[in-house]
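Working notes, structure below.
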2 protein chains.
Amino acid sequence: MKIENPSQVVFYSIERAIKEYRKFAQKKISETVEGITVDQGLILLFLNDHPELSQKEIAKLLFKDNASMTRMIDLMVKKEYLMRSTHKDRRRHTIDITSKGKRILEKLPPVILKNRNTALEGITSQELNQLEQILNKIINNCVINQSK
Amino acid sequence: MKIENPSQVVFYSIERAIKEYRKFAQKKISETVEGITVDQGLILLFLNDHPELSQKEIAKLLFKDNASMTRMIDLMVKKEYLMRSTHKDRRRHTIDITSKGKRILEKLPPVILKNRNTALEGITSQELNQLEQILNKIINNCVINQSK
DNA sequence: TGTATTTAATTGATATATCAAATACTTTTA
DNA sequence: TAAAAGTATTTGATATATCAATTAAATACA
């Protein structure tokens, strides 16, 4: 049984698209903001909009593992973008953005918006909807069949 | 400046689609073949079809870094799926599939084909073409603007 | 031919991914 | 209310990602 050439398989395109976008976005972010990864930037943005988020909730938003999130936030605390403080549910922490983190937040949104616009240049909103729909079908197929 | 909710941004869908597919595919592979990751399986398949591939070429096919590929193949050698032997270009190695690797290869293709079909269930070939086209636009936008 | 430039692979350092197990709390329930 | 079950986070072990630097060999070229 013969497996198709990768270039003929849509999963390679999906993987490549997200990897090229991440590489591109990281490069542009690094040109503007020192010492921040794409994911760290997203963590700051989410926390800024929703300060009550738990590590677990942030992990889910970014499709990360809880253990990874612990270590990412450890690092961001070490780099002084974030601080952990006590939460009334003492299993959790409240995660606060430091002033250093807030300074990053001022520079970040325009870069991210520009990156997204650049990456989506020449793509109609109709195409974007199609893309979303098809991807959602794939996601559903995978999620449903995983539990089987 | 406000950054959109993740669910409204197509890049989250792309990321989620590939991650859910990988999780699903890994689960199905693990049920059939012991001790093999999706990427390790793909390395075996590529080498089987194109035994002359260098580590660098395999890395490119799978969108990996050369350093990662060195370590992945190190591990596959340690687990006895692969062997390195001398190549006429002595900077390289020839990478041979062991008999243990070949036994994996007998079981792998049907699982992978079934995974892909399951994940793409209910998606027309027209939609697949659209998906490819739109993703290629994104890829091009990122690649072109990276060098700028 | 000898030196400079490329090239394939490796290594080191650090970060992230993944799974399992452990901790420290909270909530349920008998 | 005490024990059981559930939850958020952390930790350990191993693999992979990423970038820079190194090594060893091939190629270019003066």
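Each chain in the structure tokens gets a letter, A, B and so on, in the order shown; residues start at 1 in every chain, and ligands are counted from 1 in the order they appear.
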### Task
Mind checking which residues fall within 12 Å of C:DA20, counting only C-alpha atoms (C1' of nucleotides), ignoring those fewer than 5 positions away in the same chain, and posting them as a PyMOL selection string?
(chain A and resi 67) or (chain D and resi 11-14)
### Task
Using only C-alpha atoms (C1' of nucleotides), find which residues of chain D lie within 8 Å of chain A and jot them down as a list in words.
DA8, DT9 and DT10 of chain D
Restricting it to N, CA and C atoms (P, O5', C5', C4', C3', O3' and C1' of nucleotides), dump the selection as a short mmCIF file (atom, residue, chain, number, x, y, z; two decimals), in the first residue's frame.
```
data_model
loop_
_atom_site.label_atom_id
_atom_site.label_comp_id
_atom_site.auth_asym_id
_atom_site.auth_seq_id
_atom_site.Cartn_x
_atom_site.Cartn_y
_atom_site.Cartn_z
P DA D 8 -9.81 22.71 37.72
"O5'" DA D 8 -8.50 23.13 38.52
"C5'" DA D 8 -8.54 24.24 39.42
"C4'" DA D 8 -7.13 24.65 39.75
"C3'" DA D 8 -6.25 24.97 38.54
"O3'" DA D 8 -5.49 26.14 38.84
"C1'" DA D 8 -5.30 23.16 39.75
P DT D 9 -4.39 26.71 37.81
"O5'" DT D 9 -3.09 25.98 38.33
"C5'" DT D 9 -2.73 26.12 39.70
"C4'" DT D 9 -1.59 25.21 40.04
"C3'" DT D 9 -0.35 25.35 39.16
"O3'" DT D 9 0.64 25.99 39.95
"C1'" DT D 9 -0.81 23.09 39.76
P DT D 10 2.08 26.32 39.35
"O5'" DT D 10 2.87 24.99 39.73
"C5'" DT D 10 2.92 24.58 41.09
"C4'" DT D 10 3.60 23.23 41.20
"C3'" DT D 10 5.00 23.16 40.57
"O3'" DT D 10 5.90 22.84 41.60
"C1'" DT D 10 3.69 21.26 40.01
#
```
### Query
Which one is closest to D:DG6: C:DA4, C:DA17, C:DA9, C:DC25? Count only C-alpha atoms (C1' of nucleotides).
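Of C:DA4, C:DA17, C:DA9, C:DC25, the one nearest D:DG6 is C:DC25, counting only C-alpha atoms (C1' of nucleotides).
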Could the residues of chain C that have an atom at most 9 Å from chain A be listed as a tab-separated table, each with its closest atom pair and the distance in Å to one decimal, counting only C-alpha atoms (C1' of nucleotides) and ordered by chain and ascending residue number?
```
residue	atom	partner	partner_atom	distance
C:DA15	C1'	A:Met72	CA	8.3
C:DT16	C1'	A:Ser68	CA	6.5
C:DA17	C1'	A:Ser68	CA	6.9
C:DT18	C1'	A:Asp65	CA	7.7
C:DA24	C1'	A:Arg91	CA	6.8
C:DC25	C1'	A:Arg91	CA	5.2
C:DT26	C1'	A:Asp89	CA	8.1
```
### Task
Pull out every residue of chain A that has at least one atom within 8 Å of chain B, counting only C-alpha atoms, and report them as a ChimeraX atom specification.
/A:1-3,6,10-11,13-18,20-21,24,27,45,61,63,109-110,113,118-123,127-128,130-132,134-139,141-143,145-146
Could the residues in this selection be saved with C-alpha atoms as a CSV table (one decimal), in the first residue's frame?
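Saved file result09.csv follows:
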```csv
chain,number,residue,atom,x,y,z
A,1,MET,CA,0.0,0.0,0.0
A,2,LYS,CA,1.4,3.3,-1.1
A,3,ILE,CA,1.2,6.5,0.9
A,6,PRO,CA,3.4,14.7,1.2
A,10,VAL,CA,-3.6,18.5,2.8
A,11,PHE,CA,-2.3,17.9,6.4
A,13,SER,CA,-0.3,22.2,3.9
A,14,ILE,CA,-2.0,22.8,7.2
A,15,GLU,CA,1.1,22.1,9.1
A,16,ARG,CA,3.2,24.2,6.8
A,17,ALA,CA,0.8,27.1,6.9
A,18,ILE,CA,0.8,27.4,10.7
A,20,GLU,CA,5.3,29.5,8.3
A,21,TYR,CA,2.9,31.9,10.0
A,24,PHE,CA,7.0,35.0,10.1
A,27,LYS,CA,10.4,37.4,13.2
A,45,LEU,CA,-3.0,39.7,25.7
A,61,LEU,CA,-7.0,28.8,24.9
A,63,PHE,CA,-3.9,24.6,23.0
A,109,PRO,CA,-1.2,44.6,19.4
A,110,PRO,CA,-0.3,46.7,16.3
A,113,LEU,CA,-2.7,42.9,13.7
A,118,THR,CA,-0.1,40.5,5.9
A,119,ALA,CA,-0.5,36.8,6.2
A,120,LEU,CA,-4.1,37.0,5.0
A,121,GLU,CA,-3.5,39.4,2.2
A,122,GLY,CA,-5.5,38.7,-1.0
A,123,ILE,CA,-7.8,36.3,0.8
A,127,GLU,CA,-12.6,32.3,1.6
A,128,LEU,CA,-11.8,32.8,5.2
A,130,GLN,CA,-14.8,28.5,3.8
A,131,LEU,CA,-11.4,27.9,5.5
A,132,GLU,CA,-12.9,28.0,8.9
A,134,ILE,CA,-13.5,23.1,6.4
A,135,LEU,CA,-11.1,23.2,9.3
A,136,ASN,CA,-14.0,22.8,11.7
A,137,LYS,CA,-15.1,19.7,9.9
A,138,ILE,CA,-11.6,18.2,10.3
A,139,ILE,CA,-11.5,19.2,13.9
A,141,ASN,CA,-13.9,14.4,12.8
A,142,CYS,CA,-10.8,14.1,14.9
A,143,VAL,CA,-12.4,15.0,18.2
A,145,ASN,CA,-13.3,9.7,16.5
A,146,GLN,CA,-10.8,10.1,19.2
```
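Among the residues of stretch 26-117 of chain B, backbone DSSP assigns strand (DSSP E) to Leu82, Met83, Arg84, Ser85, Thr86, His93, Thr94, Ile95, Asp96 and Ile97 of chain B.
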If you keep C-alpha atoms, can you produce a file of those selected residues as a CSV table (one decimal), in the first residue's frame?
```csv
chain,number,residue,atom,x,y,z
B,82,LEU,CA,17.1,2.6,11.7
B,83,MET,CA,20.9,2.2,11.2
B,84,ARG,CA,23.4,4.7,10.0
B,85,SER,CA,26.1,3.5,7.5
B,86,THR,CA,28.7,5.2,5.5
B,93,HIS,CA,25.2,8.9,6.3
B,94,THR,CA,23.2,6.4,4.5
B,95,ILE,CA,20.2,5.6,6.6
B,96,ASP,CA,19.0,2.1,6.5
B,97,ILE,CA,15.7,0.7,7.8
```
### Query
Distance atom CA of A:Gly35-atom C1' of D:DA20, one decimal place?
16.4 Å
